[in-house]
Amino acid sequence: MALKLKREELVRTRNLIGGEWSEAVSRARYPVTNPATGEIIAEVANSGPADARAATNAAYQAAESWRNRLPRERAAILRRWHALLVENSEDLATLMSMEQGKPMAESRGEVAYGASYVAWFAEEATRTYGDLIPQQQRGKQMRAMKEPVGIVAAITPWNFPLAMIARKIAPALAAGCTVVGKPAEDTPLTALALAALAGEAGVPAGVLNMLSASREQGIEAVADWLADDRVRKVTFTGSTAVGKYLARESAGTLKKLSLELGGNAPFIVFDDADLDAAIAGLMAAKFRNGGQTCVCPNRIYVQAGVFDRFAELLAARVGALKVASATDPEAQIGPMINAKAIDKIARHVEDAVSKGAIVLTGGKRLTELGPNYYAPTVFTHASNDMLVTCEETFGPVAPLYRFDQEEEAVRLANDSPFGLAAYFYTRDMRRAERVARRLEAGVVGLNEGAVSSEAAPFGGVKESGYGREGSKYGLDDYLTIKYVCQGNLD
Ligand code: SIN
C-alpha cells in the first residue's frame, strides 16, 4: 500500500513546536513501518528532552492569550478543525491504515469518531458554567468559577491513532489550555496530520505542539514534562503499568491526571438473553480493531443453558471473518500492530490450550498473510488459571467460560484489578438493574456492545484509572475551580 494521499502535505515527519515544523534537536529520526508488511513508510523526528522542553516553552508562551480568548472564539476554531477532519477524512484514514494496519472501513469510522469529539467540545466550550453560591453571610458573596488547568501533556496509544488524541486535545483547547502531545511510537503520522489540520483551522502557534519519538526517546521526553512544574496536567491512554509510572512521577509537581488504562472486560450472557443480539454485540465489541481495544471483552461468561448454542453460533461468525490487509476492501480484521503484540496473543492461546481449552476456530498465526496476522479465535473450557483470564490479550481471541448462577457470574466478572468496561445480556429487567449496579466498571454495556460515544463519559475504576473523556463531564478534567469570596458588600 503506497502512501498516496490527495494532499501529500498531510504527511508530516517533523515536530510541530510553536507553529514551526522542526527536526528533533538531535536531528535523529526513526522509521515508521506498515504492520501488514513490515516495510518502512516514513522516517519521523526522534524527539528527546530538549524537544519536549521547547514544546513546553511554546505552550507556555501561548497560554495567556489562548485562555483569554472568548470561549466562543475557541469554539469557532474547533468547528473549523472538525470541518477539516471531515473534509480530509480519506487521507487521514489512509495514513491510519498504513501505520496502524486497521481496515479502511474502520479507519474511516475512526476519523468520524475522533472528529465527533472535536464537534462536541466545540459546543461544550461555551458551557463552562460556574456557580453563584447562595448567600451565607451578609455583605459577602461567594462564587465558583471554572478556569483552564494550564499546560496539558497528552500521551496517546497506537490502537486509535486519531480518536484518542482528538478526545484529549479537543476538550483541552475548548477549556482554554495549551497542549504538548506525544502519540505512540508506532503511529505518529495520523497525529501529526491532525496537528497540521489544527493549524489550518486557526489554532494559534504554540497552542498545540506535537512531538514524535521512539519508545526509548519518548520516555525521556515525557520525563521532562513530568518534572516541569509548568505542565499542570497529564492525560494518558495506555497500559496500567505506564499509568502508574506517570502518576508516581507527576507527584513531584502534583499534576492533575486523567488515566484511561488497561481493561479486562467481562461479557456475560444469561440464559434469558436474546442470543442473536448477544452474538452481534460480542462481534462488535470483541473484534473491533482486531480486538486491540481497552474496552473489548476479554472474558466471555455464558450461562450453562445457552452455552453450547452460543459457542456454536459464535464460532461460525468468527470463522467467517475476513482477515486481510487494509488494501483489501473486504478486510474485517487487519494485522496486529507489531511482533510483540502477536507474540503475546500466541502465548495466551498456547497457555490456554495447555490448560485444557478447546479451540473451535482459529488458534494460529496466519503467516501466509504477513508477519503480524492472527486468526480470529474462539475457544471453550476457559478457566481462571489461564493467562487470558488475568491479562488483557489485546487481540482477536474470545475465551468462553461456562457459569451456572448470576451471583457466580458477577463475582467472576468483578474478580479483576481492572474495571474499564463490562457487558451483559439479559431480558429480565430486574436482573438488568441488579447486575448493572453490581458490576465494577466505569462503562457498562447492557444488551449493547457498541458503547463508545462522544456524548458519554468514558473511563474506568480500580486499576483502569480515573478521569472521564467525552460528555459534559469530559471538560471538567481540563478545568479547575476557583472560589472567589467578595466581602464588604453591605
Ligand atoms: C480504547 O480502547 O482505549 C478506546 C476505545 C473507545 O474509545 O471505544
# chains A, B, ... in the order shown; residues from 1 in each chain; ligands from 1
$ closest_atom_pairs --of "chain A" --to "ligand 1" --cutoff "6 Å" --atoms "only C-alpha atoms and all ligand atoms" --output "JSON lines"
{"residue": "A:Thr293", "atom": "CA", "partner": "ligand 1", "partner_atom_place_in_ligand_line": "2 (O)", "distance": 3.4}
{"residue": "A:Cys294", "atom": "CA", "partner": "ligand 1", "partner_atom_place_in_ligand_line": "2 (O)", "distance": 3.6}
{"residue": "A:Val295", "atom": "CA", "partner": "ligand 1", "partner_atom_place_in_ligand_line": "2 (O)", "distance": 5.3}
{"residue": "A:Ser452", "atom": "CA", "partner": "ligand 1", "partner_atom_place_in_ligand_line": "8 (O)", "distance": 4.6}
$ select_by_dssp --residues "region 373-479 of chain A" --states "helix (DSSP H, G or I)" --output "list in words"
Leu387, Val388, Thr389, Cys390, Glu406, Glu407, Glu408, Ala409, Val410, Arg411, Leu412, Ala413, Asn414, Met429, Arg430, Arg431, Ala432, Glu433, Arg434, Val435, Ala436, Arg437, Arg438, Asp476, Asp477 and Tyr478 of chain A
$ closest_atom_pairs --of "region 433-490 of chain A" --to "region 296-319 of chain A" --cutoff "12 Å" --atoms "only C-alpha atoms" --output "CSV"
residue,atom,partner,partner_atom,distance
A:Val443,CA,A:Cys296,CA,11.4
A:Val444,CA,A:Pro297,CA,11.4
A:Gly445,CA,A:Pro297,CA,10.6
A:Gly449,CA,A:Cys296,CA,8.9
A:Ala450,CA,A:Cys296,CA,9.8
A:Val451,CA,A:Cys296,CA,10.3
A:Ser452,CA,A:Cys296,CA,11.1
$ closest_residue --among "A:Met283, A:Ala93, A:Leu439, A:Val323" --to "Lys462 (chain A)" --atoms "only C-alpha atoms"
A:Leu439
$ select_by_dssp --residues "region 396-466 of chain A" --states "strand (DSSP E or B)" --output "list in words"
Val397, Ala398, Pro399, Leu400, Tyr401, Arg402, Phe403, Phe418, Gly419, Ala421, Ala422, Tyr423, Phe424, Tyr425, Val443, Val444, Gly445, Leu446, Phe458, Val461, Lys462, Gly465 and Tyr466 of chain A
$ closest_residue --among "A:Ala105, A:Ala83, A:Val269, A:Met142" --to "Tyr423 (chain A)" --atoms "only C-alpha atoms"
A:Val269
$ atom_distance --atom1 "CA of Gly238 (chain A)" --atom2 "CA of Leu261 (chain A)"
5.1 Å
$ closest_residue --among "A:Ile169, A:Ala422, A:Ala331, A:Leu84" --to "Ala285 (chain A)" --atoms "only C-alpha atoms"
A:Ala422
$ atom_distance --atom1 "CA of Thr480 (chain A)" --atom2 "CA of Lys146 (chain A)"
5.6 Å
$ residues_around --residues "region 42-46 of chain A" --least-positions-apart "2" --cutoff "7 Å" --atoms "only C-alpha atoms" --output "PDB file with N, CA, C and O atoms, in the first residue's frame"
ATOM      1  N   THR A  13       6.609  14.743   8.960  1.00  0.00           N
ATOM      2  CA  THR A  13       7.579  13.848   9.599  1.00  0.00           C
ATOM      3  C   THR A  13       8.438  14.606  10.620  1.00  0.00           C
ATOM      4  O   THR A  13       9.375  14.050  11.171  1.00  0.00           O
ATOM      5  N   ARG A  14       8.100  15.889  10.807  1.00  0.00           N
ATOM      6  CA  ARG A  14       8.850  16.664  11.805  1.00  0.00           C
ATOM      7  C   ARG A  14       7.908  17.078  12.945  1.00  0.00           C
ATOM      8  O   ARG A  14       6.702  16.893  12.847  1.00  0.00           O
ATOM      9  N   ASN A  15       8.487  17.639  13.985  1.00  0.00           N
ATOM     10  CA  ASN A  15       7.690  18.056  15.147  1.00  0.00           C
ATOM     11  C   ASN A  15       7.014  19.391  14.889  1.00  0.00           C
ATOM     12  O   ASN A  15       7.583  20.254  14.213  1.00  0.00           O
ATOM     13  N   GLU A  23      12.923  19.651  12.889  1.00  0.00           N
ATOM     14  CA  GLU A  23      13.594  18.381  13.192  1.00  0.00           C
ATOM     15  C   GLU A  23      13.820  18.292  14.699  1.00  0.00           C
ATOM     16  O   GLU A  23      13.844  19.330  15.385  1.00  0.00           O
ATOM     17  N   ALA A  24      14.054  17.086  15.203  1.00  0.00           N
ATOM     18  CA  ALA A  24      14.457  16.934  16.605  1.00  0.00           C
ATOM     19  C   ALA A  24      15.784  17.680  16.780  1.00  0.00           C
ATOM     20  O   ALA A  24      16.568  17.775  15.827  1.00  0.00           O
ATOM     21  N   ALA A  28      17.891  13.362  15.016  1.00  0.00           N
ATOM     22  CA  ALA A  28      17.670  11.915  14.867  1.00  0.00           C
ATOM     23  C   ALA A  28      16.267  11.650  14.309  1.00  0.00           C
ATOM     24  O   ALA A  28      15.349  12.449  14.493  1.00  0.00           O
ATOM     25  N   ARG A  29      16.139  10.523  13.620  1.00  0.00           N
ATOM     26  CA  ARG A  29      14.843  10.087  13.098  1.00  0.00           C
ATOM     27  C   ARG A  29      14.676   8.600  13.393  1.00  0.00           C
ATOM     28  O   ARG A  29      15.671   7.913  13.655  1.00  0.00           O
ATOM     29  N   TYR A  30      13.466   8.128  13.327  1.00  0.00           N
ATOM     30  CA  TYR A  30      13.251   6.681  13.449  1.00  0.00           C
ATOM     31  C   TYR A  30      12.201   6.255  12.427  1.00  0.00           C
ATOM     32  O   TYR A  30      11.387   7.076  11.974  1.00  0.00           O
ATOM     33  N   PRO A  31      12.227   4.970  12.048  1.00  0.00           N
ATOM     34  CA  PRO A  31      11.314   4.529  10.995  1.00  0.00           C
ATOM     35  C   PRO A  31       9.922   4.180  11.525  1.00  0.00           C
ATOM     36  O   PRO A  31       9.780   3.643  12.619  1.00  0.00           O
ATOM     37  N   VAL A  32       8.909   4.488  10.717  1.00  0.00           N
ATOM     38  CA  VAL A  32       7.530   4.051  10.998  1.00  0.00           C
ATOM     39  C   VAL A  32       7.222   2.978   9.957  1.00  0.00           C
ATOM     40  O   VAL A  32       7.464   3.175   8.765  1.00  0.00           O
ATOM     41  N   ILE A  40       9.051   0.054   5.660  1.00  0.00           N
ATOM     42  CA  ILE A  40       9.136   1.405   6.240  1.00  0.00           C
ATOM     43  C   ILE A  40       8.322   2.359   5.380  1.00  0.00           C
ATOM     44  O   ILE A  40       8.499   2.411   4.162  1.00  0.00           O
ATOM     45  N   GLY A  48      13.599  14.104  21.935  1.00  0.00           N
ATOM     46  CA  GLY A  48      14.058  13.818  23.295  1.00  0.00           C
ATOM     47  C   GLY A  48      13.686  14.965  24.222  1.00  0.00           C
ATOM     48  O   GLY A  48      12.853  15.809  23.884  1.00  0.00           O
ATOM     49  N   SER A 212       7.070  13.551  17.844  1.00  0.00           N
ATOM     50  CA  SER A 212       7.137  12.092  17.667  1.00  0.00           C
ATOM     51  C   SER A 212       8.419  11.603  18.323  1.00  0.00           C
ATOM     52  O   SER A 212       9.408  12.334  18.398  1.00  0.00           O
ATOM     53  N   ALA A 213       8.393  10.370  18.790  1.00  0.00           N
ATOM     54  CA  ALA A 213       9.588   9.806  19.438  1.00  0.00           C
ATOM     55  C   ALA A 213       9.496   8.294  19.476  1.00  0.00           C
ATOM     56  O   ALA A 213       8.403   7.737  19.570  1.00  0.00           O
ATOM     57  N   SER A 214      10.668   7.657  19.423  1.00  0.00           N
ATOM     58  CA  SER A 214      10.722   6.206  19.606  1.00  0.00           C
ATOM     59  C   SER A 214      10.390   5.906  21.071  1.00  0.00           C
ATOM     60  O   SER A 214      10.378   6.807  21.910  1.00  0.00           O
ATOM     61  N   GLN A 217      13.300   7.096  23.458  1.00  0.00           N
ATOM     62  CA  GLN A 217      13.413   8.559  23.499  1.00  0.00           C
ATOM     63  C   GLN A 217      12.153   9.183  24.074  1.00  0.00           C
ATOM     64  O   GLN A 217      12.200  10.195  24.755  1.00  0.00           O
TER      65      GLN A 217
END
$ atom_distance --atom1 "CA of Ile165 (chain A)" --atom2 "CA of Leu194 (chain A)"
8.9 Å
$ closest_residue --among "A:Arg27, A:Lys140, A:Lys344, A:Arg437" --to "Asp51 (chain A)" --atoms "only C-alpha atoms"
A:Arg27
$ residues_around --residues "Asp131 (chain A)" --least-positions-apart "5" --cutoff "7 Å" --atoms "only C-alpha atoms" --output "list of chain:residue names"
A:Arg143, A:Ala144, A:Met145
$ write_last_selection --atoms "N, CA, C and O atoms" --output "PDB file, in the first residue's frame"
ATOM      1  N   ARG A 143     -18.506  32.934  44.909  1.00  0.00           N
ATOM      2  CA  ARG A 143     -18.791  32.286  43.623  1.00  0.00           C
ATOM      3  C   ARG A 143     -17.687  31.303  43.262  1.00  0.00           C
ATOM      4  O   ARG A 143     -16.535  31.446  43.716  1.00  0.00           O
ATOM      5  N   ALA A 144     -18.085  30.337  42.473  1.00  0.00           N
ATOM      6  CA  ALA A 144     -17.133  29.332  41.985  1.00  0.00           C
ATOM      7  C   ALA A 144     -17.035  29.530  40.482  1.00  0.00           C
ATOM      8  O   ALA A 144     -18.058  29.548  39.794  1.00  0.00           O
ATOM      9  N   MET A 145     -15.819  29.738  39.992  1.00  0.00           N
ATOM     10  CA  MET A 145     -15.668  29.900  38.544  1.00  0.00           C
ATOM     11  C   MET A 145     -14.669  28.884  38.012  1.00  0.00           C
ATOM     12  O   MET A 145     -13.768  28.452  38.721  1.00  0.00           O
TER      13      MET A 145
END
$ closest_residue --among "A:Tyr483, A:Tyr401, A:Tyr60, A:Tyr473" --to "Gly150 (chain A)" --atoms "only C-alpha atoms"
A:Tyr60
$ residues_around --residues "Arg138 (chain A)" --least-positions-apart "6" --cutoff "12 Å" --atoms "only C-alpha atoms" --output "PyMOL selection string"
chain A and resi 486-490
$ write_last_selection --atoms "N, CA, C and O atoms" --output "PDB file, in the first residue's frame"
ATOM      1  N   GLN A 486     -16.152  37.577  47.841  1.00  0.00           N
ATOM      2  CA  GLN A 486     -16.158  39.027  47.813  1.00  0.00           C
ATOM      3  C   GLN A 486     -16.824  39.551  49.083  1.00  0.00           C
ATOM      4  O   GLN A 486     -17.955  39.153  49.397  1.00  0.00           O
ATOM      5  N   GLY A 487     -16.117  40.420  49.822  1.00  0.00           N
ATOM      6  CA  GLY A 487     -16.658  40.884  51.094  1.00  0.00           C
ATOM      7  C   GLY A 487     -16.974  42.369  51.111  1.00  0.00           C
ATOM      8  O   GLY A 487     -16.831  43.048  50.089  1.00  0.00           O
ATOM      9  N   ASN A 488     -17.416  42.808  52.270  1.00  0.00           N
ATOM     10  CA  ASN A 488     -17.724  44.223  52.497  1.00  0.00           C
ATOM     11  C   ASN A 488     -18.683  44.787  51.451  1.00  0.00           C
ATOM     12  O   ASN A 488     -18.500  45.872  50.928  1.00  0.00           O
ATOM     13  N   LEU A 489     -19.717  44.036  51.157  1.00  0.00           N
ATOM     14  CA  LEU A 489     -20.666  44.468  50.129  1.00  0.00           C
ATOM     15  C   LEU A 489     -21.792  45.322  50.711  1.00  0.00           C
ATOM     16  O   LEU A 489     -22.434  46.057  49.966  1.00  0.00           O
ATOM     17  N   ASP A 490     -22.031  45.204  52.015  1.00  0.00           N
ATOM     18  CA  ASP A 490     -23.132  45.986  52.598  1.00  0.00           C
ATOM     19  C   ASP A 490     -22.645  47.336  53.075  1.00  0.00           C
ATOM     20  O   ASP A 490     -21.484  47.506  53.449  1.00  0.00           O
TER      21      ASP A 490
END
$ residues_around --residues "Asp428 (chain A)" --least-positions-apart "3" --cutoff "8 Å" --atoms "only C-alpha atoms" --output "PyMOL selection string"
chain A and resi 272+431-432
$ residues_around --residues "Gly459 (chain A)" --least-positions-apart "2" --cutoff "12 Å" --atoms "only C-alpha atoms" --output "VMD selection string"
chain A and resid 235 to 238 258 to 263 294 to 295 418 to 422 441 to 444 451 to 453 456 to 457 461 to 471 473 to 474 477
$ closest_residue --among "A:Val378, A:Ala115, A:Leu369, A:Ala251" --to "Asp229 (chain A)" --atoms "only C-alpha atoms"
A:Ala251
